[in-house]
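> The structure that follows is given in the form of structure tokens.
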Amino acid sequence: MEPATRYAAFALRSAIVIVIVSGLLLGERRFAFFTSQSSLIALGYFLTALVLMAQRRATVTPVPALRGAVTFWLTTTALIAHFLNSHGTNPIPGLFDPDPAVAIDNTGLFLLHYVSPILVLIDWLAIGPHGVIRWRTALVWLLYPIGYGAVMIVRGTLLPAVNDRYPYPFLDPTVAGIGSMSLALGRIILILAAIAFAVIALDRLVSMRARRRARVAITN
């Protein structure tokens with residue numbers, strides 16, 4: 001990879017780290033929330049990538065399947081936050097709330113729910129390797145969000161006095177009953193599976209375009 005491209009990759013990944021750290025520090029971030037957990041995992045991954053890139057003076061993408069998982073988990077965070085939690089509400093006005101504390105908290109959430117997922121998706125599309133993730137890997141990626149939901153439901157049931165008993169309304173069986181909650185979670189899992197496969201599909205498309213350009217360059 002050319003030095004200029006390598007520097008661009010380093011700058012992008014540095015921006016991801018800065019955005020995640022800022023989002024975690026602006027406002028109160030509690031570990032029970034999937035946003036906090038997935039952001040911490042992404043932070044650890046991209047910090048590791050930056051260290052390896054600095055050491056080897058090359059664009060290093062450690063464990064591509066894990067990067068795909070991080071991309072999927074942050075994309076999931078963004079979509080659930082926007083469509084399920086905020087019901088599609090525009091987040092921009094919240095950044096200018098008259099209460100400074102609320103505005104700061106909203107800014108932190110905006111960085112974690114929107115900015116970092118977009119930057120990570122750009123990294124997924126712009127930086128190789130591409131075409132190395134198998135379709136069935138998407139099922140492995142699903143284990144974490146499914147396990148997270150199961151743990152949060154059991155935790156809230158057994159420990160009713162714990163903080164953030166049910167971090168998200170769709171994990172709360174007291175809202176609409178266990179049956180309705182199970183149906184809703186089943187639909188969410190199907191949507192998550194579709195997102196996971198879409199992440200891999202995007203990677204495959206980038207790989208196909210790169211191979212096509214290479215063939216054209218050879219023939220010319």
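Every chain in the structure tokens has a letter given in the order shown (A, B, ...), and although residue numbers restart at 1 in each chain, ligands are simply numbered from 1 in the order shown.
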Might you pull out every residue within 8 Å of stretch 181-193 of chain A, with only C-alpha atoms counted and same-chain residues fewer than 2 positions away left off, and present them as a PyMOL selection string?
chain A and resi 76+138-139+142+146+170-173+176-179+195-197
> Would you mind telling me which residue in A:Val162, A:Leu47, A:Ala198, A:Ile122 lies nearest to A:Trp135 when using only C-alpha atoms?
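Ranking A:Val162, A:Leu47, A:Ala198, A:Ile122 by distance to A:Trp135, first place goes to A:Ala198.
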> Which residues, written as a list in words, have at least one atom at most 10 Å from A:Gly23, with only C-alpha atoms counted and residues fewer than 2 positions away on the same chain left out?
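Everything that qualifies: Val17, Ile18, Val19, Ile20, Val21, Leu25, Leu26, Gly27, Glu28, Arg29, Ser36, Ser39, Ile104, Asp105, Asn106, Thr107, Gly108, Leu109, Phe110, Leu111, Leu112, His113, Val115 and Ser116 of chain A.
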> Within 8 Å of stretch 64-73 of chain A, counting only C-alpha atoms, which residues qualify if same-chain residues fewer than 3 places away don't, as a PDB file with N, CA and C atoms, in the first residue's frame?

```pdb
ATOM      1  N   SER A  38     -20.176  -2.463  23.025  1.00  0.00           N
ATOM      2  CA  SER A  38     -19.695  -2.581  21.643  1.00  0.00           C
ATOM      3  C   SER A  38     -18.672  -1.488  21.332  1.00  0.00           C
ATOM      4  N   ILE A  41     -15.325  -2.538  22.801  1.00  0.00           N
ATOM      5  CA  ILE A  41     -14.712  -3.577  21.969  1.00  0.00           C
ATOM      6  C   ILE A  41     -14.088  -2.933  20.722  1.00  0.00           C
ATOM      7  N   ALA A  42     -14.833  -2.032  20.083  1.00  0.00           N
ATOM      8  CA  ALA A  42     -14.310  -1.351  18.899  1.00  0.00           C
ATOM      9  C   ALA A  42     -13.072  -0.529  19.247  1.00  0.00           C
ATOM     10  N   TYR A  45     -10.132  -2.822  19.547  1.00  0.00           N
ATOM     11  CA  TYR A  45      -9.698  -3.328  18.250  1.00  0.00           C
ATOM     12  C   TYR A  45      -8.883  -2.287  17.488  1.00  0.00           C
ATOM     13  N   THR A  61      -4.500  -4.972   9.350  1.00  0.00           N
ATOM     14  CA  THR A  61      -5.882  -5.226   9.743  1.00  0.00           C
ATOM     15  C   THR A  61      -5.914  -6.547  10.497  1.00  0.00           C
ATOM     16  N   THR A  76     -25.345  -2.276  14.144  1.00  0.00           N
ATOM     17  CA  THR A  76     -26.525  -2.665  14.915  1.00  0.00           C
ATOM     18  C   THR A  76     -26.849  -1.615  15.973  1.00  0.00           C
ATOM     19  N   THR A  77     -25.812  -1.143  16.658  1.00  0.00           N
ATOM     20  CA  THR A  77     -25.995  -0.094  17.669  1.00  0.00           C
ATOM     21  C   THR A  77     -26.663   1.130  17.064  1.00  0.00           C
ATOM     22  N   PRO A 117     -20.117   4.529  14.168  1.00  0.00           N
ATOM     23  CA  PRO A 117     -20.534   3.468  13.240  1.00  0.00           C
ATOM     24  C   PRO A 117     -20.272   3.815  11.772  1.00  0.00           C
ATOM     25  N   VAL A 120     -16.500   3.472  11.130  1.00  0.00           N
ATOM     26  CA  VAL A 120     -16.111   2.058  11.106  1.00  0.00           C
ATOM     27  C   VAL A 120     -16.585   1.397   9.818  1.00  0.00           C
ATOM     28  N   LEU A 121     -17.751   1.774   9.340  1.00  0.00           N
ATOM     29  CA  LEU A 121     -18.240   1.228   8.073  1.00  0.00           C
ATOM     30  C   LEU A 121     -17.364   1.697   6.909  1.00  0.00           C
ATOM     31  N   TRP A 124     -14.359  -0.402   6.929  1.00  0.00           N
ATOM     32  CA  TRP A 124     -14.686  -1.731   6.413  1.00  0.00           C
ATOM     33  C   TRP A 124     -14.675  -1.754   4.885  1.00  0.00           C
ATOM     34  N   PRO A 129      -8.005  -6.391   4.148  1.00  0.00           N
ATOM     35  CA  PRO A 129      -8.319  -7.238   2.993  1.00  0.00           C
ATOM     36  C   PRO A 129      -9.828  -7.392   2.792  1.00  0.00           C
ATOM     37  N   VAL A 132     -12.462 -12.047   2.257  1.00  0.00           N
ATOM     38  CA  VAL A 132     -11.904 -13.174   3.015  1.00  0.00           C
ATOM     39  C   VAL A 132     -12.871 -13.700   4.075  1.00  0.00           C
ATOM     40  N   ILE A 133     -14.000 -13.022   4.261  1.00  0.00           N
ATOM     41  CA  ILE A 133     -14.963 -13.421   5.286  1.00  0.00           C
ATOM     42  C   ILE A 133     -16.000 -14.358   4.667  1.00  0.00           C
ATOM     43  N   THR A 137     -19.758 -16.887   8.784  1.00  0.00           N
ATOM     44  CA  THR A 137     -19.196 -16.108   9.886  1.00  0.00           C
ATOM     45  C   THR A 137     -20.230 -15.162  10.475  1.00  0.00           C
ATOM     46  N   ALA A 138     -21.202 -14.748   9.671  1.00  0.00           N
ATOM     47  CA  ALA A 138     -22.261 -13.862  10.168  1.00  0.00           C
ATOM     48  C   ALA A 138     -22.995 -14.489  11.343  1.00  0.00           C
ATOM     49  N   TRP A 141     -21.065 -13.885  14.445  1.00  0.00           N
ATOM     50  CA  TRP A 141     -21.211 -12.505  14.908  1.00  0.00           C
ATOM     51  C   TRP A 141     -22.488 -12.310  15.716  1.00  0.00           C
ATOM     52  N   PRO A 145     -24.670 -10.331  20.340  1.00  0.00           N
ATOM     53  CA  PRO A 145     -25.918  -9.622  20.663  1.00  0.00           C
ATOM     54  C   PRO A 145     -27.007 -10.534  21.224  1.00  0.00           C
ATOM     55  N   ILE A 195     -28.661  -7.797   8.713  1.00  0.00           N
ATOM     56  CA  ILE A 195     -27.616  -6.771   8.763  1.00  0.00           C
ATOM     57  C   ILE A 195     -26.236  -7.418   8.672  1.00  0.00           C
ATOM     58  N   ALA A 196     -26.044  -8.519   9.407  1.00  0.00           N
ATOM     59  CA  ALA A 196     -24.753  -9.201   9.389  1.00  0.00           C
ATOM     60  C   ALA A 196     -24.408  -9.675   7.979  1.00  0.00           C
ATOM     61  N   VAL A 199     -23.426  -6.751   5.788  1.00  0.00           N
ATOM     62  CA  VAL A 199     -22.051  -6.294   6.004  1.00  0.00           C
ATOM     63  C   VAL A 199     -21.081  -7.132   5.175  1.00  0.00           C
ATOM     64  N   ILE A 200     -21.290  -8.448   5.162  1.00  0.00           N
ATOM     65  CA  ILE A 200     -20.430  -9.318   4.363  1.00  0.00           C
ATOM     66  C   ILE A 200     -20.662  -9.075   2.871  1.00  0.00           C
TER      67      ILE A 200
END
```
> For the structure I just gave you, how does DSSP split stretch 19-197 of chain A - specifically, which residues are helix (DSSP H, G or I)? Reply as number ranges by chain.
A: 19-25, 34-56, 64-85, 92-96, 100-126, 137-158, 169-171, 173-176, 178-197
